[in-house]
$ cat structure_13.pdb   # PDB, C-alpha atoms and all ligand atoms
ATOM      1  CA  MET A 398      93.689  88.044 116.417
ATOM      2  CA  ALA A 399      92.604  87.048 112.885
ATOM      3  CA  THR A 400      94.465  87.645 109.610
ATOM      4  CA  TRP A 401      92.735  87.383 106.240
ATOM      5  CA  SER A 402      93.895  88.328 102.772
ATOM      6  CA  ALA A 403      92.071  89.178  99.539
ATOM      7  CA  PRO A 404      93.325  89.544  95.947
ATOM      8  CA  GLY A 405      93.306  92.501  93.582
ATOM      9  CA  LYS A 406      91.688  92.406  90.158
ATOM     10  CA  VAL A 407      91.939  93.460  86.556
ATOM     11  CA  PHE A 408      89.083  94.243  84.244
ATOM     12  CA  LEU A 409      89.647  92.160  81.118
ATOM     13  CA  PHE A 410      86.576  93.710  79.470
ATOM     14  CA  GLY A 411      83.782  96.157  80.147
ATOM     15  CA  GLU A 412      84.986  98.765  82.668
ATOM     16  CA  HIS A 413      82.773 101.876  82.607
ATOM     17  CA  ALA A 414      80.142  99.967  80.580
ATOM     18  CA  VAL A 415      79.338  97.951  83.775
ATOM     19  CA  VAL A 416      78.325 101.207  85.489
ATOM     20  CA  TYR A 417      75.427 101.306  82.948
ATOM     21  CA  GLY A 418      74.347  97.686  83.531
ATOM     22  CA  LYS A 419      76.388  96.319  80.607
ATOM     23  CA  PRO A 420      78.373  93.110  81.061
ATOM     24  CA  GLY A 421      81.988  93.035  82.172
ATOM     25  CA  ILE A 422      84.633  90.358  82.696
ATOM     26  CA  ALA A 423      87.163  90.711  85.505
ATOM     27  CA  MET A 424      89.833  88.444  86.929
ATOM     28  CA  ALA A 425      91.374  88.149  90.398
ATOM     29  CA  ILE A 426      95.164  88.538  90.319
ATOM     30  CA  LYS A 427      98.002  87.591  92.609
ATOM     31  CA  PRO A 428      98.948  90.748  94.514
ATOM     32  CA  ARG A 429      97.007  90.627  97.827
ATOM     33  CA  VAL A 430      96.066  92.787 100.772
ATOM     34  CA  PHE A 431      96.635  91.255 104.242
ATOM     35  CA  VAL A 432      94.474  92.505 107.107
ATOM     36  CA  THR A 433      94.824  91.611 110.785
ATOM     37  CA  VAL A 434      91.973  92.428 113.163
ATOM     38  CA  ARG A 435      92.158  92.211 116.931
ATOM     39  CA  ASN A 436      89.290  92.347 119.418
ATOM     40  CA  THR A 437      90.554  94.959 121.847
ATOM     41  CA  LYS A 438      89.118  97.507 124.230
ATOM     42  CA  ARG A 439      91.506 100.157 122.865
ATOM     43  CA  PRO A 440      91.009 100.102 119.100
ATOM     44  CA  GLN A 441      93.691 101.397 116.734
ATOM     45  CA  ARG A 442      92.781 101.806 113.111
ATOM     46  CA  ALA A 443      94.208 102.952 109.810
ATOM     47  CA  LYS A 444      92.365 106.146 108.859
ATOM     48  CA  SER A 445      90.186 104.881 106.030
ATOM     49  CA  PRO A 446      86.474 105.271 105.324
ATOM     50  CA  TYR A 447      86.491 101.667 104.037
ATOM     51  CA  ILE A 448      87.794 100.318 107.377
ATOM     52  CA  ASP A 449      85.354 102.485 109.346
ATOM     53  CA  GLY A 450      82.559 101.198 107.083
ATOM     54  CA  CYS A 451      83.546  97.587 107.857
ATOM     55  CA  PHE A 452      83.466  98.014 111.652
ATOM     56  CA  ASP A 453      80.223 100.015 111.470
ATOM     57  CA  ALA A 454      78.563  97.386 109.255
ATOM     58  CA  MET A 455      79.617  94.574 111.605
ATOM     59  CA  GLY A 456      78.641  96.578 114.744
ATOM     60  CA  VAL A 457      81.905  95.937 116.645
ATOM     61  CA  VAL A 458      85.072  97.845 117.567
ATOM     62  CA  GLY A 459      88.613  96.571 117.215
ATOM     63  CA  SER A 460      92.148  97.205 115.965
ATOM     64  CA  VAL A 461      93.289  96.688 112.410
ATOM     65  CA  TYR A 462      96.679  96.353 110.727
ATOM     66  CA  ILE A 463      96.984  96.380 106.910
ATOM     67  CA  ASN A 464      99.820  95.135 104.736
ATOM     68  CA  SER A 465      99.146  95.666 101.019
ATOM     69  CA  GLN A 466     100.955  94.328  97.947
ATOM     70  CA  ILE A 467      98.477  96.183  95.702
ATOM     71  CA  PRO A 468      99.344  99.774  94.743
ATOM     72  CA  SER A 469      96.478 101.997  95.924
ATOM     73  CA  SER A 470      94.386 104.110  93.519
ATOM     74  CA  SER A 471      95.804 102.209  90.555
ATOM     75  CA  GLY A 472      92.638 100.497  89.297
ATOM     76  CA  LEU A 473      93.693  97.105  90.705
ATOM     77  CA  GLY A 474      90.891  96.965  93.249
ATOM     78  CA  SER A 475      92.904  97.716  96.389
ATOM     79  CA  SER A 476      89.979  99.346  98.231
ATOM     80  CA  ALA A 477      87.718  96.355  97.506
ATOM     81  CA  ALA A 478      90.439  93.933  98.650
ATOM     82  CA  VAL A 479      90.934  95.922 101.891
ATOM     83  CA  THR A 480      87.186  95.949 102.502
ATOM     84  CA  VAL A 481      86.664  92.237 101.769
ATOM     85  CA  ALA A 482      89.668  91.148 103.864
ATOM     86  CA  THR A 483      88.716  93.460 106.768
ATOM     87  CA  LEU A 484      85.106  92.232 106.857
ATOM     88  CA  SER A 485      86.326  88.614 106.765
ATOM     89  CA  ALA A 486      88.865  89.187 109.551
ATOM     90  CA  ILE A 487      86.235  90.922 111.722
ATOM     91  CA  ASN A 488      83.797  88.081 110.993
ATOM     92  CA  ASP A 489      86.386  85.556 112.154
ATOM     93  CA  GLU A 490      87.753  87.456 115.160
ATOM     94  CA  PHE A 491      84.276  88.227 116.545
ATOM     95  CA  SER A 492      82.673  84.881 115.455
ATOM     96  CA  LEU A 493      79.865  86.620 113.564
ATOM     97  CA  HIS A 494      79.055  83.685 111.216
ATOM     98  CA  LYS A 495      78.643  85.712 107.993
ATOM     99  CA  THR A 496      78.831  83.749 104.738
ATOM    100  CA  ARG A 497      81.062  84.608 101.777
ATOM    101  CA  GLU A 498      77.984  85.937 100.024
ATOM    102  CA  ASP A 499      77.189  88.196 103.001
ATOM    103  CA  ILE A 500      80.780  89.481 102.893
ATOM    104  CA  ALA A 501      80.579  90.188  99.131
ATOM    105  CA  ASN A 502      77.262  92.026  99.524
ATOM    106  CA  MET A 503      78.386  94.046 102.564
ATOM    107  CA  ALA A 504      81.666  94.975 100.844
ATOM    108  CA  PHE A 505      79.769  96.250  97.803
ATOM    109  CA  GLU A 506      77.453  98.367  99.979
ATOM    110  CA  ILE A 507      80.492  99.896 101.759
ATOM    111  CA  GLU A 508      82.258 100.636  98.425
ATOM    112  CA  LYS A 509      79.077 102.188  97.071
ATOM    113  CA  THR A 510      78.649 104.424 100.126
ATOM    114  CA  VAL A 511      82.291 105.570 100.166
ATOM    115  CA  GLN A 512      82.276 106.147  96.381
ATOM    116  CA  LYS A 513      78.969 108.064  96.607
ATOM    117  CA  GLY A 514      76.847 105.521  94.742
ATOM    118  CA  ARG A 515      79.217 105.109  91.812
ATOM    119  CA  ALA A 516      80.533 101.561  91.998
ATOM    120  CA  SER A 517      79.764  98.293  90.276
ATOM    121  CA  PRO A 518      79.920  95.068  92.322
ATOM    122  CA  THR A 519      82.823  93.872  90.143
ATOM    123  CA  ASP A 520      85.791  94.563  92.429
ATOM    124  CA  THR A 521      84.174  93.256  95.612
ATOM    125  CA  THR A 522      82.827  90.100  93.891
ATOM    126  CA  VAL A 523      86.151  89.250  92.271
ATOM    127  CA  SER A 524      88.107  89.894  95.463
ATOM    128  CA  THR A 525      85.730  87.697  97.504
ATOM    129  CA  TYR A 526      85.485  84.692  95.176
ATOM    130  CA  GLY A 527      88.661  84.885  93.055
ATOM    131  CA  GLY A 528      88.856  83.508  89.501
ATOM    132  CA  ILE A 529      87.211  85.076  86.475
ATOM    133  CA  VAL A 530      83.831  86.687  87.037
ATOM    134  CA  PHE A 531      81.180  87.767  84.549
ATOM    135  CA  ILE A 532      79.111  90.690  85.826
ATOM    136  CA  SER A 533      75.919  91.756  84.106
ATOM    137  CA  GLY A 534      73.466  94.137  85.756
ATOM    138  CA  GLY A 535      72.643  92.550  89.124
ATOM    139  CA  SER A 536      73.938  89.081  88.232
ATOM    140  CA  ARG A 537      77.444  87.687  88.872
ATOM    141  CA  ARG A 538      78.711  84.380  87.541
ATOM    142  CA  ARG A 539      82.101  82.685  87.888
ATOM    143  CA  LEU A 540      83.614  81.630  84.560
ATOM    144  CA  PRO A 541      86.019  78.693  84.160
ATOM    145  CA  PRO A 542      89.488  79.769  85.379
ATOM    146  CA  GLN A 543      92.136  80.202  82.665
ATOM    147  CA  ASN A 544      95.883  80.262  82.960
ATOM    148  CA  LEU A 545      96.340  83.687  81.344
ATOM    149  CA  HIS A 546      99.774  85.342  81.474
ATOM    150  CA  LEU A 547      99.355  89.011  82.279
ATOM    151  CA  VAL A 548     101.702  91.940  82.642
ATOM    152  CA  ILE A 549     100.281  95.001  84.355
ATOM    153  CA  GLY A 550     101.815  98.393  83.724
ATOM    154  CA  ASP A 551     101.285 100.950  86.483
ATOM    155  CA  SER A 552     101.616 104.333  84.759
ATOM    156  CA  LEU A 553     102.268 105.966  88.162
ATOM    157  CA  VAL A 554      99.903 108.697  86.955
ATOM    158  CA  SER A 555      97.402 109.317  89.740
ATOM    159  CA  HIS A 556      93.717 109.273  88.892
ATOM    160  CA  SER A 557      90.348 109.166  90.583
ATOM    161  CA  THR A 558      87.820 106.471  89.696
ATOM    162  CA  ALA A 559      84.949 108.686  90.856
ATOM    163  CA  ARG A 560      86.149 111.540  88.610
ATOM    164  CA  MET A 561      86.576 109.287  85.556
ATOM    165  CA  VAL A 562      83.119 107.749  86.068
ATOM    166  CA  GLU A 563      81.688 111.266  86.365
ATOM    167  CA  GLN A 564      83.487 112.366  83.195
ATOM    168  CA  VAL A 565      81.981 109.483  81.203
ATOM    169  CA  ALA A 566      78.533 110.302  82.626
ATOM    170  CA  GLU A 567      78.901 113.915  81.459
ATOM    171  CA  LEU A 568      80.043 112.846  77.988
ATOM    172  CA  LYS A 569      77.114 110.431  77.727
ATOM    173  CA  LYS A 570      74.712 113.211  78.712
ATOM    174  CA  LYS A 571      76.201 115.596  76.170
ATOM    175  CA  HIS A 572      76.557 113.086  73.312
ATOM    176  CA  PRO A 573      74.182 110.158  73.864
ATOM    177  CA  GLU A 574      74.104 109.578  70.084
ATOM    178  CA  ILE A 575      77.844 108.737  70.210
ATOM    179  CA  ILE A 576      78.384 107.297  73.675
ATOM    180  CA  ASP A 577      75.353 104.949  73.818
ATOM    181  CA  PRO A 578      76.467 103.011  70.704
ATOM    182  CA  VAL A 579      80.018 102.876  72.106
ATOM    183  CA  LEU A 580      78.706 101.290  75.324
ATOM    184  CA  ASP A 581      76.679  98.855  73.157
ATOM    185  CA  ALA A 582      79.855  98.037  71.222
ATOM    186  CA  ILE A 583      81.761  97.362  74.479
ATOM    187  CA  GLU A 584      78.932  95.012  75.402
ATOM    188  CA  GLY A 585      79.397  93.303  72.019
ATOM    189  CA  VAL A 586      83.124  92.881  72.688
ATOM    190  CA  SER A 587      82.511  91.369  76.167
ATOM    191  CA  MET A 588      79.811  89.015  74.882
ATOM    192  CA  SER A 589      82.071  87.802  72.063
ATOM    193  CA  ALA A 590      85.192  87.546  74.228
ATOM    194  CA  ILE A 591      83.441  85.254  76.705
ATOM    195  CA  HIS A 592      83.534  82.494  74.064
ATOM    196  CA  HIS A 593      87.313  82.816  73.602
ATOM    197  CA  LEU A 594      88.633  82.833  77.159
ATOM    198  CA  ASN A 595      90.778  79.769  76.412
ATOM    199  CA  ASN A 596      92.247  81.340  73.255
ATOM    200  CA  PRO A 597      94.660  84.115  74.342
ATOM    201  CA  ARG A 598      95.489  85.194  70.786
ATOM    202  CA  GLU A 599      91.820  85.825  70.004
ATOM    203  CA  LEU A 600      91.189  87.303  73.454
ATOM    204  CA  GLY A 601      94.002  89.795  72.845
ATOM    205  CA  ARG A 602      92.250  91.040  69.692
ATOM    206  CA  TYR A 603      89.105  91.696  71.713
ATOM    207  CA  MET A 604      91.162  93.551  74.332
ATOM    208  CA  ASN A 605      92.547  95.818  71.608
ATOM    209  CA  MET A 606      88.997  96.518  70.348
ATOM    210  CA  ASN A 607      87.896  97.308  73.900
ATOM    211  CA  GLN A 608      90.838  99.715  74.229
ATOM    212  CA  SER A 609      89.798 101.667  71.110
ATOM    213  CA  LEU A 610      86.278 102.028  72.516
ATOM    214  CA  LEU A 611      87.628 103.195  75.898
ATOM    215  CA  GLU A 612      89.549 105.912  74.039
ATOM    216  CA  VAL A 613      86.236 107.160  72.589
ATOM    217  CA  LEU A 614      84.890 107.376  76.143
ATOM    218  CA  GLY A 615      87.769 109.756  76.873
ATOM    219  CA  VAL A 616      89.414 107.678  79.603
ATOM    220  CA  GLY A 617      92.781 107.310  77.877
ATOM    221  CA  HIS A 618      96.035 108.976  78.888
ATOM    222  CA  PRO A 619      99.192 109.525  76.794
ATOM    223  CA  GLN A 620     101.307 107.484  79.235
ATOM    224  CA  LEU A 621      98.823 104.594  79.150
ATOM    225  CA  SER A 622      98.863 104.707  75.316
ATOM    226  CA  ARG A 623     102.654 104.579  75.424
ATOM    227  CA  LEU A 624     102.633 101.501  77.682
ATOM    228  CA  ILE A 625      99.949  99.773  75.606
ATOM    229  CA  LEU A 626     101.940 100.322  72.399
ATOM    230  CA  ALA A 627     105.174  99.214  74.095
ATOM    231  CA  ALA A 628     103.516  95.984  75.260
ATOM    232  CA  ARG A 629     101.994  95.246  71.853
ATOM    233  CA  SER A 630     105.310  95.982  70.093
ATOM    234  CA  ALA A 631     107.086  93.591  72.487
ATOM    235  CA  GLY A 632     104.737  90.762  71.487
ATOM    236  CA  ALA A 633     101.585  91.018  73.636
ATOM    237  CA  PHE A 634      98.452  89.400  72.196
ATOM    238  CA  GLY A 635      96.543  92.482  73.294
ATOM    239  CA  ALA A 636      96.709  95.363  75.739
ATOM    240  CA  LYS A 637      94.295  97.843  77.219
ATOM    241  CA  ILE A 638      93.568 100.139  80.133
ATOM    242  CA  THR A 639      92.265  98.276  83.162
ATOM    243  CA  GLY A 640      89.923 100.071  85.551
ATOM    244  CA  ALA A 641      88.850 103.673  85.340
ATOM    245  CA  GLY A 642      91.695 105.022  83.148
ATOM    246  CA  GLY A 643      92.935 108.616  83.013
ATOM    247  CA  GLY A 644      96.034 107.212  84.772
ATOM    248  CA  GLY A 645      96.416 104.076  86.854
ATOM    249  CA  CYS A 646      97.125 100.786  85.091
ATOM    250  CA  MET A 647      97.051  98.987  81.762
ATOM    251  CA  VAL A 648      97.093  95.233  81.295
ATOM    252  CA  ALA A 649      98.738  93.168  78.567
ATOM    253  CA  LEU A 650      97.844  89.573  77.727
ATOM    254  CA  CYS A 651     101.089  87.861  76.839
ATOM    255  CA  PRO A 652     102.513  84.694  75.337
ATOM    256  CA  LYS A 653     104.242  82.970  78.284
ATOM    257  CA  GLN A 654     107.685  83.191  76.660
ATOM    258  CA  PHE A 655     107.425  86.983  76.135
ATOM    259  CA  LYS A 656     106.077  88.118  79.507
ATOM    260  CA  HIS A 657     109.451  89.233  80.881
ATOM    261  CA  ARG A 658     110.324  90.994  77.623
ATOM    262  CA  ILE A 659     106.970  92.806  77.756
ATOM    263  CA  ALA A 660     107.539  93.714  81.421
ATOM    264  CA  GLY A 661     110.956  95.111  80.385
ATOM    265  CA  ALA A 662     109.365  97.224  77.640
ATOM    266  CA  ILE A 663     106.898  98.648  80.174
ATOM    267  CA  GLU A 664     109.632  99.415  82.715
ATOM    268  CA  ALA A 665     111.665 101.088  79.951
ATOM    269  CA  SER A 666     108.679 103.417  79.437
ATOM    270  CA  GLU A 667     108.956 104.885  82.959
ATOM    271  CA  ALA A 668     106.308 102.668  84.536
ATOM    272  CA  ARG A 669     106.186  99.828  87.033
ATOM    273  CA  ALA A 670     105.506  96.349  85.658
ATOM    274  CA  ILE A 671     103.815  93.503  87.559
ATOM    275  CA  VAL A 672     104.035  90.021  86.017
ATOM    276  CA  THR A 673     101.003  88.144  87.266
ATOM    277  CA  GLY A 674      98.300  85.578  86.657
ATOM    278  CA  ILE A 675      95.001  84.373  87.981
ATOM    279  CA  ASP A 676      94.146  83.993  91.678
ATOM    280  CA  THR A 677      91.505  81.315  92.099
ATOM    281  CA  GLU A 678      91.060  81.440  95.878
ATOM    282  CA  GLY A 679      89.565  84.844  96.614
ATOM    283  CA  VAL A 680      89.480  85.893 100.252
ATOM    284  CA  ARG A 681      91.284  83.468 102.572
ATOM    285  CA  LYS A 682      92.396  83.037 106.154
ATOM    286  CA  GLU A 683      96.122  83.393 106.802
ATOM    287  CA  LYS A 684      98.051  81.762 109.600
ATOM    288  CA  ASN A 685      98.503  84.291 112.386
ATOM    289  CA  VAL A 686     102.075  85.459 112.729
TER     290      VAL A 686
HETATM  291  C1  LIG A 701      86.891 100.910  88.020
HETATM  292  O1  LIG A 701      87.866  99.916  88.387
HETATM  293  C2  LIG A 701      85.930 100.350  87.023
HETATM  294  C3  LIG A 701      84.730 101.212  86.681
HETATM  295  O2  LIG A 701      83.929 100.463  85.776
HETATM  296  C4  LIG A 701      83.919 101.583  87.894
HETATM  297  C5  LIG A 701      83.238 100.370  88.555
HETATM  298  O3  LIG A 701      83.051  99.330  87.913
HETATM  299  O4  LIG A 701      82.848 100.510  89.737
HETATM  300  C6  LIG A 701      85.151 102.486  85.972
END

$ encode --input "structure_13.pdb" --output "structure tokens"
Amino acid sequence: MATWSAPGKVFLFGEHAVVYGKPGIAMAIKPRVFVTVRNTKRPQRAKSPYIDGCFDAMGVVGSVYINSQIPSSSGLGSSAAVTVATLSAINDEFSLHKTREDIANMAFEIEKTVQKGRASPTDTTVSTYGGIVFISGGSRRRLPPQNLHLVIGDSLVSHSTARMVEQVAELKKKHPEIIDPVLDAIEGVSMSAIHHLNNPRELGRYMNMNQSLLEVLGVGHPQLSRLILAARSAGAFGAKITGAGGGGCMVALCPKQFKHRIAGAIEASEARAIVTGIDTEGVRKEKNV
């Protein structure tokens, strides 16, 4: 029996733009998914195309048990974390000798297949390696870790990443003269923000700019706007949607002393708040229980 866990993620900058090869910056965060795999003749599995994809890709059969701290379908990368942790647990339990890089690449291929070709390698890379990751086209680079204080607001409004990505694609097709410059502007925000990762006040301003551009892409939602305004009013340096939008989560970058006040403002707006920070480990082996 082998148990591995992998962290969730937030997009600090560049969601949707990354689907078009633009840069993005994402960070691994503390909530984790724990996956136990057992080599057994009578396999029992959670019904999930991600789990099936993992066993198929590794060419083995076994049982799996999942315990997740990450709300699913919220934009916090739960499917990537499940996939990365499952592949790692299978790798360990069946002594398959895959490297971390193999795991990251296989996890991305599985995500892409399940999401019908519409996925960037962001979630799977961040969940595998942890820390802050810069994604641009095919390249992925770890950035120096920063002690950023984040409050996530889960709007509890359900959404579909595939549908939101599709919606942006349709808008881009209909109005390339508007959407292409917006994607260029998001790229500009990400490329500027990268120089201010150790300056939360400045970083917050870039997050607010990114939020305005996401609204032009049509991925906002009234409840997300409410949470973003509540967080900013309670003292956040900046706040924006994280992930696909249309529901799911927002993220606020906070002064340390205000994070609980900001979490309270989010909870008072009929949402669930998660006070969190960076995870620098990525996927890891857990002691079997
Ligand atoms: C979803 O968390 C982020 C998107 O950019 C899609 C992706 O990167 O795969 C909308």

$ residues_near_ligand --input "structure_13.pdb" --ligand "ligand LIG 701 (chain A)" --cutoff "7 Å" --atoms "only C-alpha atoms and all ligand atoms" --output "list of chain:residue names"
A:Glu412, A:His413, A:Ala414, A:Val415, A:Val416, A:Gly472, A:Leu473, A:Gly474, A:Arg515, A:Ala516, A:Ser517, A:Pro518, A:Thr519, A:Thr558, A:Met561, A:Val562, A:Gly640, A:Ala641

$ closest_residue --input "structure_13.pdb" --among "A:Leu650, A:Arg435, A:Phe531, A:Gly450" --to "A:His592" --atoms "all atoms listed in the file"
A:Phe531

$ resolve_selection --input "structure_13.pdb" --expression "the PyMOL selection byres (((chain A and resi 540) around 10) and not hetatm)" --output "list in words"
Ile422, Ala423, Met424, Gly528, Ile529, Val530, Phe531, Arg537, Arg538, Arg539, Pro541, Pro542, Gln543, Ile591 and Leu594 of chain A

$ residues_around --input "structure_13.pdb" --residues "A:Val434" --least-positions-apart "6" --cutoff "10 Å" --atoms "only C-alpha atoms" --output "MDAnalysis selection string"
chainID A and resid 398:401 440:442 458:463 482:491

$ atom_distance --input "structure_13.pdb" --atom1 "atom CA of A:Asn596" --atom2 "atom CA of A:Gly550"
22.2 Å

$ residues_around --input "structure_13.pdb" --residues "A:Tyr447" --least-positions-apart "5" --cutoff "9 Å" --atoms "all atoms listed in the file" --output "PyMOL selection string"
chain A and resi 452+476-477+479-480+483+504+507-508+511

$ closest_residue --input "structure_13.pdb" --among "A:Arg623, A:Arg629, A:Lys513, A:Lys653" --to "A:Arg560" --atoms "only C-alpha atoms"
A:Lys513

$ closest_residue --input "structure_13.pdb" --among "A:Ala649, A:Val407, A:Val616, A:Thr496" --to "A:Leu568" --atoms "all atoms listed in the file"
A:Val616

$ closest_residue --input "structure_13.pdb" --among "A:Ser555, A:Thr525, A:Asn502, A:Gln512" --to "A:Ser470" --atoms "all atoms listed in the file"
A:Ser555

$ atom_distance --input "structure_13.pdb" --atom1 "atom CA of A:Glu683" --atom2 "atom CA of A:Val523"
18.6 Å

$ closest_residue --input "structure_13.pdb" --among "A:Phe505, A:Asp520, A:Tyr526, A:Met455" --to "A:Val680" --atoms "all atoms listed in the file"
A:Tyr526

$ closest_residue --input "structure_13.pdb" --among "A:Met588, A:Asp453, A:Gly674, A:Ala636" --to "A:Met503" --atoms "all atoms listed in the file"
A:Asp453

$ resolve_selection --input "structure_13.pdb" --expression "the PyMOL selection byres (((chain A and resi 556) around 6) and not hetatm)" --output "VMD selection string"
chain A and resid 555 557 643 to 644

$ atom_distance --input "structure_13.pdb" --atom1 "atom CA of A:Phe431" --atom2 "atom CA of A:Gln466"
8.2 Å

$ resolve_selection --input "structure_13.pdb" --expression "the PyMOL selection byres (((chain A and resi 552) around 6) and not hetatm)" --output "ChimeraX atom specification"
/A:551,553-554,645-646,668

$ residues_around --input "structure_13.pdb" --residues "A:Pro428" --least-positions-apart "6" --cutoff "9 Å" --atoms "all atoms listed in the file" --output "list of chain:residue names"
A:Ala403, A:Pro404, A:Gly405, A:Lys406, A:Ser465, A:Gln466, A:Ile467, A:Ile671, A:Thr673, A:Asp676

$ residues_near_point --input "structure_13.pdb" --point "(104.4, 93.5, 74.9)" --cutoff "8 Å" --atoms "all atoms listed in the file" --output "PyMOL selection string"
chain A and resi 625-634+636+649+651+655-656+658-660+662-663

$ axis_aligned_box --input "structure_13.pdb" --around "stretch 445-450 of chain A" --padding-each-side "6 Å" --output "AutoDock Vina command-line options"
--center_x 86.4 --center_y 102.8 --center_z 106.7 --size_x 19.6 --size_y 17.0 --size_z 17.3

$ build_atoms --input "structure_13.pdb" --residues "stretch 480-486 of chain A" --atoms "all heavy atoms" --output "short mmCIF file (atom, residue, chain, number, x, y, z; two decimals), keeping the file's coordinate frame"
data_model
loop_
_atom_site.label_atom_id
_atom_site.label_comp_id
_atom_site.auth_asym_id
_atom_site.auth_seq_id
_atom_site.Cartn_x
_atom_site.Cartn_y
_atom_site.Cartn_z
N THR A 480 88.52 96.06 101.90
CA THR A 480 87.19 95.95 102.50
C THR A 480 86.81 94.48 102.72
O THR A 480 86.35 94.08 103.79
CB THR A 480 86.14 96.65 101.59
OG1 THR A 480 86.61 97.98 101.32
CG2 THR A 480 84.79 96.73 102.24
N VAL A 481 87.03 93.66 101.69
CA VAL A 481 86.66 92.24 101.77
C VAL A 481 87.50 91.53 102.85
O VAL A 481 86.96 90.76 103.66
CB VAL A 481 86.86 91.56 100.38
CG1 VAL A 481 86.83 90.05 100.49
CG2 VAL A 481 85.80 92.06 99.40
N ALA A 482 88.80 91.81 102.88
CA ALA A 482 89.67 91.15 103.86
C ALA A 482 89.34 91.63 105.28
O ALA A 482 89.35 90.84 106.23
CB ALA A 482 91.14 91.41 103.53
N THR A 483 89.04 92.93 105.43
CA THR A 483 88.72 93.46 106.77
C THR A 483 87.41 92.86 107.29
O THR A 483 87.33 92.41 108.43
CB THR A 483 88.63 95.00 106.74
OG1 THR A 483 89.85 95.52 106.22
CG2 THR A 483 88.38 95.58 108.12
N LEU A 484 86.38 92.83 106.43
CA LEU A 484 85.11 92.23 106.86
C LEU A 484 85.31 90.77 107.26
O LEU A 484 84.76 90.30 108.27
CB LEU A 484 84.08 92.31 105.71
CG LEU A 484 83.47 93.68 105.42
CD1 LEU A 484 82.64 93.63 104.14
CD2 LEU A 484 82.61 94.17 106.59
N SER A 485 86.11 90.04 106.48
CA SER A 485 86.33 88.61 106.76
C SER A 485 87.09 88.43 108.07
O SER A 485 86.79 87.52 108.85
CB SER A 485 87.11 87.96 105.62
OG SER A 485 86.41 88.13 104.42
N ALA A 486 88.08 89.30 108.31
CA ALA A 486 88.86 89.19 109.55
C ALA A 486 88.00 89.54 110.77
O ALA A 486 88.08 88.89 111.81
CB ALA A 486 90.10 90.08 109.47
#
